[in-house]
>>> print(open('entry32.tsv').read())   # TSV, C-alpha atoms and all ligand atoms
chain	number	residue	atom	x	y	z
A	1	MET	CA	7.83	8.49	-14.81
A	2	LYS	CA	8.18	6.42	-11.64
A	3	THR	CA	5.03	4.36	-11.11
A	4	LEU	CA	4.20	2.34	-8.01
A	5	VAL	CA	1.61	-0.36	-8.67
A	6	ILE	CA	-0.17	-1.70	-5.58
A	7	LEU	CA	-2.05	-5.01	-5.84
A	8	ILE	CA	-4.81	-5.69	-3.34
A	9	SER	CA	-7.60	-8.19	-2.69
A	10	GLY	CA	-9.50	-6.85	0.32
A	11	ARG	CA	-9.44	-4.36	3.17
A	12	GLY	CA	-6.54	-2.33	1.85
A	13	SER	CA	-5.00	-1.03	5.07
A	14	ASN	CA	-1.44	-1.74	3.87
A	15	MET	CA	-2.27	-0.08	0.57
A	16	GLN	CA	-3.47	2.92	2.55
A	17	SER	CA	-0.17	3.06	4.41
A	18	LEU	CA	1.53	3.33	1.00
A	19	LEU	CA	-0.89	6.03	-0.17
A	20	ASP	CA	-0.24	8.00	3.04
A	21	ALA	CA	3.54	7.66	2.74
A	22	ASP	CA	5.71	10.42	1.36
A	23	LEU	CA	7.26	8.54	-1.58
A	24	ASN	CA	9.26	9.84	-4.49
A	25	VAL	CA	6.90	8.43	-7.15
A	26	ASP	CA	5.01	10.20	-9.93
A	27	ARG	CA	2.04	7.90	-10.04
A	28	ARG	CA	0.35	5.34	-7.80
A	29	VAL	CA	-2.00	2.78	-9.34
A	30	VAL	CA	-4.12	0.26	-7.44
A	31	ILE	CA	-5.25	-3.01	-9.02
A	32	SER	CA	-7.57	-5.49	-7.32
A	33	ASN	CA	-8.46	-9.02	-8.34
A	34	ASN	CA	-11.64	-8.63	-6.29
A	35	PRO	CA	-14.27	-6.12	-7.49
A	36	ASP	CA	-15.71	-5.86	-3.95
A	37	ALA	CA	-12.41	-5.06	-2.24
A	38	GLU	CA	-12.90	-2.39	0.42
A	39	GLY	CA	-9.47	-1.05	-0.53
A	40	LEU	CA	-10.79	0.06	-3.94
A	41	ARG	CA	-13.13	2.53	-2.25
A	42	ILE	CA	-10.32	3.83	-0.05
A	43	ALA	CA	-8.05	4.31	-3.09
A	44	GLN	CA	-10.80	6.17	-4.92
A	45	ARG	CA	-11.19	8.50	-1.92
A	46	TYR	CA	-7.48	9.25	-2.28
A	47	GLY	CA	-8.05	10.06	-5.97
A	48	VAL	CA	-5.79	7.20	-7.04
A	49	GLU	CA	-6.41	5.33	-10.31
A	50	THR	CA	-7.96	1.94	-9.65
A	51	PHE	CA	-8.46	-1.09	-11.88
A	52	VAL	CA	-10.15	-4.43	-11.35
A	53	ILE	CA	-8.97	-7.61	-13.00
A	54	ASN	CA	-11.45	-10.10	-11.64
A	55	HIS	CA	-9.77	-13.49	-11.41
A	56	ARG	CA	-13.17	-15.19	-11.58
A	57	GLN	CA	-13.48	-14.10	-15.19
A	58	PHE	CA	-10.44	-16.14	-16.20
A	59	PRO	CA	-10.37	-19.90	-16.67
A	60	ASP	CA	-7.03	-20.39	-14.92
A	61	ARG	CA	-4.08	-18.77	-13.18
A	62	GLN	CA	-2.07	-18.41	-16.41
A	63	THR	CA	-4.69	-16.37	-18.24
A	64	PHE	CA	-5.36	-14.18	-15.18
A	65	ASP	CA	-1.64	-13.49	-14.74
A	66	ALA	CA	-1.29	-12.79	-18.46
A	67	ALA	CA	-4.02	-10.13	-18.19
A	68	LEU	CA	-2.29	-8.68	-15.13
A	69	ALA	CA	1.07	-8.64	-16.93
A	70	GLU	CA	-0.56	-6.91	-19.90
A	71	LYS	CA	-1.80	-4.17	-17.57
A	72	MET	CA	1.66	-3.89	-15.99
A	73	ALA	CA	3.21	-3.42	-19.42
A	74	ILE	CA	1.15	-0.24	-19.83
A	75	PHE	CA	2.34	1.18	-16.49
A	76	GLN	CA	5.99	0.06	-16.69
A	77	PRO	CA	6.09	-0.02	-12.89
A	78	LYS	CA	9.22	0.88	-11.01
A	79	LEU	CA	7.90	-1.34	-8.21
A	80	ILE	CA	4.93	-3.65	-7.65
A	81	ALA	CA	3.81	-3.92	-4.02
A	82	LEU	CA	1.57	-6.82	-3.00
A	83	ALA	CA	-0.54	-5.32	-0.21
A	84	GLY	CA	-2.79	-8.12	0.97
A	85	PHE	CA	-2.96	-9.58	-2.53
A	86	MET	CA	-4.30	-13.07	-1.92
A	87	ARG	CA	-3.62	-14.70	-5.29
A	88	VAL	CA	-0.63	-16.92	-5.85
A	89	LEU	CA	1.20	-15.61	-8.92
A	90	THR	CA	2.54	-17.92	-11.64
A	91	ASP	CA	6.29	-18.48	-11.93
A	92	GLU	CA	6.26	-16.67	-15.30
A	93	PHE	CA	4.79	-13.52	-13.76
A	94	VAL	CA	7.13	-13.63	-10.76
A	95	GLN	CA	10.20	-14.18	-12.93
A	96	ARG	CA	9.27	-11.32	-15.22
A	97	TYR	CA	9.07	-8.86	-12.33
A	98	GLN	CA	11.39	-10.63	-9.91
A	99	ASP	CA	13.59	-7.72	-8.82
A	100	ARG	CA	10.74	-5.25	-8.39
A	101	LEU	CA	7.99	-7.30	-6.79
A	102	ILE	CA	7.64	-7.13	-3.00
A	103	ASN	CA	5.12	-8.55	-0.54
A	104	ILE	CA	4.05	-7.91	3.05
A	105	HIS	CA	3.43	-11.08	5.06
A	106	PRO	CA	1.96	-11.30	8.59
A	107	SER	CA	4.61	-13.48	10.24
A	108	LEU	CA	8.33	-13.60	10.89
A	109	LEU	CA	9.28	-15.59	7.80
A	110	PRO	CA	10.40	-18.28	7.28
A	111	ALA	CA	8.04	-19.17	10.15
A	112	PHE	CA	4.38	-19.48	9.18
A	113	PRO	CA	4.27	-19.00	5.44
A	114	GLY	CA	0.74	-19.23	3.96
A	115	LEU	CA	-2.53	-18.38	5.67
A	116	SER	CA	-3.86	-18.10	9.27
A	117	THR	CA	-0.46	-17.02	10.54
A	118	HIS	CA	-1.69	-15.54	13.84
A	119	ALA	CA	-3.79	-18.58	14.80
A	120	ARG	CA	-0.84	-20.84	14.00
A	121	ALA	CA	1.56	-18.67	16.02
A	122	LEU	CA	-0.78	-18.91	19.03
A	123	ARG	CA	-1.18	-22.66	18.59
A	124	GLU	CA	2.59	-23.16	18.44
A	125	GLY	CA	3.04	-21.02	21.56
A	126	VAL	CA	5.70	-18.77	20.03
A	127	LYS	CA	6.53	-15.85	22.29
A	128	ILE	CA	7.70	-13.52	19.52
A	129	HIS	CA	5.71	-12.92	16.34
A	130	GLY	CA	5.64	-10.22	13.68
A	131	CYS	CA	5.69	-9.37	10.01
A	132	THR	CA	8.03	-9.40	7.04
A	133	VAL	CA	8.50	-7.49	3.79
A	134	HIS	CA	10.29	-9.59	1.18
A	135	PHE	CA	10.99	-9.88	-2.51
A	136	VAL	CA	8.66	-12.32	-4.21
A	137	THR	CA	10.15	-15.46	-5.74
A	138	PRO	CA	8.42	-18.49	-7.26
A	139	GLN	CA	8.53	-20.26	-3.86
A	140	LEU	CA	5.58	-18.89	-1.91
A	141	ASP	CA	6.51	-16.59	1.04
A	142	HIS	CA	10.20	-17.46	0.80
A	143	GLY	CA	11.89	-14.59	-1.06
A	144	PRO	CA	14.80	-12.46	0.17
A	145	ILE	CA	13.84	-10.55	3.31
A	146	ILE	CA	14.01	-6.74	3.31
A	147	ILE	CA	12.72	-5.81	6.78
A	148	GLN	CA	10.91	-7.46	9.69
A	149	ALA	CA	9.20	-6.20	12.84
A	150	ALA	CA	8.88	-8.37	15.93
A	151	ILE	CA	6.40	-8.07	18.79
A	152	SER	CA	5.85	-10.01	22.01
A	153	VAL	CA	3.01	-12.50	22.14
A	154	LEU	CA	1.12	-11.82	25.37
A	155	PRO	CA	-0.56	-14.50	27.53
A	156	GLN	CA	-3.99	-12.95	26.96
A	157	ASP	CA	-3.57	-12.59	23.19
A	158	THR	CA	-6.28	-13.77	20.84
A	159	GLU	CA	-5.98	-14.08	17.08
A	160	ALA	CA	-7.70	-10.69	16.78
A	161	SER	CA	-5.50	-8.85	19.28
A	162	LEU	CA	-2.33	-10.34	17.85
A	163	SER	CA	-3.27	-9.55	14.27
A	164	GLN	CA	-4.11	-5.97	15.26
A	165	ARG	CA	-0.68	-5.40	16.85
A	166	VAL	CA	1.13	-7.05	13.96
A	167	LEU	CA	-0.87	-4.96	11.47
A	168	GLN	CA	0.28	-1.74	13.18
A	169	GLN	CA	3.85	-2.84	12.48
A	170	GLU	CA	3.02	-3.84	8.90
A	171	HIS	CA	1.96	-0.25	8.35
A	172	ARG	CA	5.39	0.91	9.51
A	173	ILE	CA	7.69	-1.50	7.70
A	174	PHE	CA	5.93	-1.65	4.32
A	175	PRO	CA	6.25	2.08	3.50
A	176	GLN	CA	9.84	1.95	4.77
A	177	ALA	CA	10.76	-0.90	2.42
A	178	VAL	CA	9.05	0.83	-0.52
A	179	ARG	CA	10.86	4.10	0.25
A	180	TRP	CA	14.25	2.35	0.38
A	181	PHE	CA	13.52	0.74	-2.97
A	182	ILE	CA	12.24	3.88	-4.70
A	183	ASP	CA	15.14	5.95	-3.37
A	184	GLY	CA	17.64	3.41	-4.70
A	185	GLN	CA	18.87	2.47	-1.23
A	186	LEU	CA	17.80	-1.13	-1.59
A	187	LYS	CA	19.63	-3.57	-3.85
A	188	LEU	CA	19.04	-7.22	-4.54
A	189	THR	CA	22.20	-8.91	-5.77
A	190	ASN	CA	22.16	-12.67	-6.39
A	191	GLY	CA	19.35	-13.08	-3.89
A	192	VAL	CA	21.05	-11.00	-1.20
A	193	VAL	CA	19.38	-7.81	0.06
A	194	GLU	CA	21.58	-4.81	0.74
A	195	ILE	CA	20.31	-1.57	2.26
A	196	ASN	CA	22.50	1.53	2.20
A	197	ASN	CA	22.64	3.68	5.29
A	198	ALA	CA	20.05	1.67	7.24
A	199	SER	CA	20.50	2.04	10.98
A	200	THR	CA	21.85	-1.13	12.54
A	201	SER	CA	20.44	-0.92	16.04
A	202	ASN	CA	21.24	-3.92	18.17
A	203	ILE	CA	18.15	-4.62	20.25
A	204	THR	CA	17.19	-7.81	22.07
A	205	LEU	CA	13.49	-8.49	22.55
A	206	TYR	CA	12.74	-10.79	25.52
A	207	SER	CA	9.29	-12.28	25.65
A	208	PRO	CA	8.27	-12.77	28.40
A	209	GLY	CA	10.66	-10.22	29.87
A	210	LEU	CA	13.58	-11.31	32.06
A	211	ALA	CA	12.99	-11.19	35.83
A	212	GLU	CA	14.95	-8.25	37.25
A	301	LIG	C1	-2.26	-8.19	5.89
A	301	LIG	O1	-2.12	-8.63	7.22
A	301	LIG	C2	-1.19	-8.80	5.01
A	301	LIG	O2	0.04	-8.95	5.67
A	301	LIG	C3	-1.79	-10.13	4.69
A	301	LIG	O3	-3.16	-9.88	4.48
A	301	LIG	C4	-3.53	-8.75	5.27
A	301	LIG	C5	-4.19	-7.75	4.33
A	301	LIG	O4	-4.70	-6.66	5.05
A	301	LIG	N1	-1.19	-10.70	3.55
A	301	LIG	C6	-1.03	-12.01	3.37
A	301	LIG	O5	-1.42	-12.83	4.17
A	301	LIG	C7	-0.33	-12.40	2.08
A	301	LIG	N2	0.02	-13.76	2.10
A	301	LIG	P1	-4.92	-5.26	4.34
A	301	LIG	O6	-5.78	-5.56	3.10
A	301	LIG	O7	-5.65	-4.44	5.33
A	301	LIG	O8	-3.58	-4.71	3.96
>>> encode(input="entry32.tsv", output="structure tokens")
Amino acid sequence: MKTLVILISGRGSNMQSLLDADLNVDRRVVISNNPDAEGLRIAQRYGVETFVINHRQFPDRQTFDAALAEKMAIFQPKLIALAGFMRVLTDEFVQRYQDRLINIHPSLLPAFPGLSTHARALREGVKIHGCTVHFVTPQLDHGPIIIQAAISVLPQDTEASLSQRVLQQEHRIFPQAVRWFIDGQLKLTNGVVEINNASTSNITLYSPGLAE
């Protein structure tokens, strides 16, 4: 049985994009570290199994991750997708699931790892911003990159408008990365990502655009 485990902490829109996607999996399971996560209600509407492992009930990161790993052992996941999961995982957990643990991050990594990515992009004045799906490694937001989407930053952009346009792209690239993985098109060999039969379009994004 091919099981996709989706870890969430909040709103759950990226999780929803994975529940909407046509994926060759037998079972989808959602786990939240936050009992009040909006995403739990969405998953329940989809009839997906949900579980809460509330990090507040554990004295430290190690014991929380051990409980999470114990749950994973039951599901034997083919892939674990971090969909807005806002807990830093211990090295032990990451190493155990290294080749089947992926994350969606709201910036063009390696730029802007961590939090408040859109505010920082605006502050730095970057003209191109976006999102990244990558394998998770012990170094936060630095694992091998699977796919990225880039958008122009517009002069009138606010943190809210930018995050909304980036989020639309997150919902496109995350299901794509998961599908590649599940279909066996995606390989990670010695830290290098290889994707079979991916289109290699050669597009240049100018931002602002060139004067004609
Ligand atoms: C998304 O923008 C995701 O990329 C980000 O949190 C948001 C969750 O939204 N994740 C991170 O910042 C991880 N470091 P969602 O719950 O609606 O998917």
>>> residues_around(input="entry32.tsv", residues="segment 80-95 of chain A", least_positions_apart="3", cutoff="6 Å", atoms="only C-alpha atoms", output="PyMOL selection string")
chain A and resi 5-9+14-15+98+101-103+138
>>> residues_around(input="entry32.tsv", residues="Pro106 of chain A", least_positions_apart="5", cutoff="10 Å", atoms="only C-alpha atoms", output="PDB file with C-alpha atoms, keeping the file's coordinate frame")
ATOM      1  CA  GLY A  84      -2.790  -8.120   0.970  1.00  0.00           C
ATOM      2  CA  PHE A 112       4.380 -19.480   9.180  1.00  0.00           C
ATOM      3  CA  PRO A 113       4.270 -19.000   5.440  1.00  0.00           C
ATOM      4  CA  GLY A 114       0.740 -19.230   3.960  1.00  0.00           C
ATOM      5  CA  LEU A 115      -2.530 -18.380   5.670  1.00  0.00           C
ATOM      6  CA  SER A 116      -3.860 -18.100   9.270  1.00  0.00           C
ATOM      7  CA  THR A 117      -0.460 -17.020  10.540  1.00  0.00           C
ATOM      8  CA  HIS A 118      -1.690 -15.540  13.840  1.00  0.00           C
ATOM      9  CA  HIS A 129       5.710 -12.920  16.340  1.00  0.00           C
ATOM     10  CA  GLY A 130       5.640 -10.220  13.680  1.00  0.00           C
ATOM     11  CA  CYS A 131       5.690  -9.370  10.010  1.00  0.00           C
ATOM     12  CA  THR A 132       8.030  -9.400   7.040  1.00  0.00           C
ATOM     13  CA  VAL A 133       8.500  -7.490   3.790  1.00  0.00           C
ATOM     14  CA  GLN A 148      10.910  -7.460   9.690  1.00  0.00           C
ATOM     15  CA  ALA A 149       9.200  -6.200  12.840  1.00  0.00           C
ATOM     16  CA  SER A 163      -3.270  -9.550  14.270  1.00  0.00           C
ATOM     17  CA  VAL A 166       1.130  -7.050  13.960  1.00  0.00           C
ATOM     18  CA  LEU A 167      -0.870  -4.960  11.470  1.00  0.00           C
ATOM     19  CA  GLN A 169       3.850  -2.840  12.480  1.00  0.00           C
ATOM     20  CA  GLU A 170       3.020  -3.840   8.900  1.00  0.00           C
TER      21      GLU A 170
END
>>> residues_near_point(input="entry32.tsv", point="(14.0, -5.6, -6.1)", cutoff="7 Å", atoms="all atoms listed in the file", output="list in words")
Gln98, Asp99, Arg100, Leu101, Phe135, Lys187 and Leu188 of chain A
>>> write_last_selection(input="entry32.tsv", atoms="C-alpha atoms", output="PDB file, in the coordinates of the input")
ATOM      1  CA  GLN A  98      11.390 -10.630  -9.910  1.00  0.00           C
ATOM      2  CA  ASP A  99      13.590  -7.720  -8.820  1.00  0.00           C
ATOM      3  CA  ARG A 100      10.740  -5.250  -8.390  1.00  0.00           C
ATOM      4  CA  LEU A 101       7.990  -7.300  -6.790  1.00  0.00           C
ATOM      5  CA  PHE A 135      10.990  -9.880  -2.510  1.00  0.00           C
ATOM      6  CA  LYS A 187      19.630  -3.570  -3.850  1.00  0.00           C
ATOM      7  CA  LEU A 188      19.040  -7.220  -4.540  1.00  0.00           C
TER       8      LEU A 188
END
>>> closest_residue(input="entry32.tsv", among="A:Gly47, A:Pro77, A:Pro35, A:Gly12", to="ligand LIG 301 (chain A)", atoms="all atoms listed in the file")
A:Gly12
>>> closest_residue(input="entry32.tsv", among="A:Val178, A:His142, A:Val153, A:Thr158", to="Leu205 of chain A", atoms="only C-alpha atoms")
A:Val153
>>> closest_residue(input="entry32.tsv", among="A:Ala150, A:Ala121, A:Ile104, A:Ala198", to="ligand LIG 301 (chain A)", atoms="all atoms listed in the file")
A:Ile104
>>> closest_residue(input="entry32.tsv", among="A:Leu40, A:Ile146, A:Val25, A:Ile128", to="ligand LIG 301 (chain A)", atoms="only C-alpha atoms and all ligand atoms")
A:Leu40
>>> closest_residue(input="entry32.tsv", among="A:Arg96, A:Arg179, A:Lys71, A:His134", to="ligand LIG 301 (chain A)", atoms="only C-alpha atoms and all ligand atoms")
A:His134
>>> closest_residue(input="entry32.tsv", among="A:Asp60, A:Asp141, A:Asp36, A:Asp20", to="ligand LIG 301 (chain A)", atoms="all atoms listed in the file")
A:Asp141
>>> atom_distance(input="entry32.tsv", atom1="atom CA of Tyr46 of chain A", atom2="atom CA of Ser13 of chain A")
12.9 Å
>>> atom_distance(input="entry32.tsv", atom1="atom CA of Pro175 of chain A", atom2="atom CA of Arg61 of chain A")
28.6 Å
>>> residues_around(input="entry32.tsv", residues="Asp22 of chain A", least_positions_apart="4", cutoff="12 Å", atoms="all atoms listed in the file", output="PyMOL selection string")
chain A and resi 16-18+26+28+175-176+178-180+182-183
>>> atom_distance(input="entry32.tsv", atom1="atom CA of Ile74 of chain A", atom2="atom CA of Thr50 of chain A")
13.8 Å
>>> residues_around(input="entry32.tsv", residues="Asn33 of chain A", least_positions_apart="2", cutoff="7 Å", atoms="all atoms listed in the file", output="list of chain:residue names")
A:Ser9, A:Ile31, A:Pro35, A:Val52, A:Ile53, A:Asn54, A:His55
>>> write_last_selection(input="entry32.tsv", atoms="C-alpha atoms", output="compact mmCIF listing (two decimals), in the frame of the given file")
# COMPACT_ATOMS: atom_id res chain seq x y z
CA SER A 9 -7.60 -8.19 -2.69
CA ILE A 31 -5.25 -3.01 -9.02
CA PRO A 35 -14.27 -6.12 -7.49
CA VAL A 52 -10.15 -4.43 -11.35
CA ILE A 53 -8.97 -7.61 -13.00
CA ASN A 54 -11.45 -10.10 -11.64
CA HIS A 55 -9.77 -13.49 -11.41
>>> build_atoms(input="entry32.tsv", residues="segment 98-110 of chain A", atoms="N, CA, C and O atoms", output="compact mmCIF listing (two decimals), in the frame of the given file")
# COMPACT_ATOMS: atom_id res chain seq x y z
N GLN A 98 10.73 -10.13 -11.12
CA GLN A 98 11.39 -10.63 -9.91
C GLN A 98 12.07 -9.56 -9.03
O GLN A 98 11.92 -9.58 -7.83
N ASP A 99 12.81 -8.65 -9.64
CA ASP A 99 13.59 -7.72 -8.82
C ASP A 99 12.81 -6.48 -8.41
O ASP A 99 13.37 -5.57 -7.80
N ARG A 100 11.53 -6.42 -8.77
CA ARG A 100 10.74 -5.25 -8.39
C ARG A 100 9.34 -5.64 -7.95
O ARG A 100 8.36 -4.93 -8.21
N LEU A 101 9.27 -6.78 -7.28
CA LEU A 101 7.99 -7.30 -6.79
C LEU A 101 8.17 -7.62 -5.32
O LEU A 101 8.98 -8.49 -4.96
N ILE A 102 7.47 -6.89 -4.44
CA ILE A 102 7.64 -7.13 -3.00
C ILE A 102 6.29 -7.39 -2.34
O ILE A 102 5.24 -6.97 -2.84
N ASN A 103 6.34 -8.08 -1.21
CA ASN A 103 5.12 -8.55 -0.54
C ASN A 103 5.24 -8.27 0.96
O ASN A 103 6.34 -8.34 1.52
N ILE A 104 4.09 -7.99 1.58
CA ILE A 104 4.05 -7.91 3.05
C ILE A 104 3.36 -9.17 3.55
O ILE A 104 2.30 -9.55 3.04
N HIS A 105 3.98 -9.82 4.55
CA HIS A 105 3.43 -11.08 5.06
C HIS A 105 3.31 -11.00 6.58
O HIS A 105 4.25 -10.55 7.26
N PRO A 106 2.19 -11.46 7.15
CA PRO A 106 1.96 -11.30 8.59
C PRO A 106 2.58 -12.40 9.46
O PRO A 106 1.89 -13.04 10.25
N SER A 107 3.88 -12.62 9.30
CA SER A 107 4.61 -13.48 10.24
C SER A 107 6.09 -13.18 10.08
O SER A 107 6.50 -12.51 9.13
N LEU A 108 6.88 -13.72 11.01
CA LEU A 108 8.33 -13.60 10.89
C LEU A 108 8.81 -14.75 10.02
O LEU A 108 9.12 -15.83 10.52
N LEU A 109 8.83 -14.53 8.71
CA LEU A 109 9.28 -15.59 7.80
C LEU A 109 10.71 -15.97 8.13
O LEU A 109 11.48 -15.12 8.58
N PRO A 110 11.14 -17.22 7.95
CA PRO A 110 10.40 -18.28 7.28
C PRO A 110 9.37 -19.01 8.14
O PRO A 110 8.81 -20.01 7.69
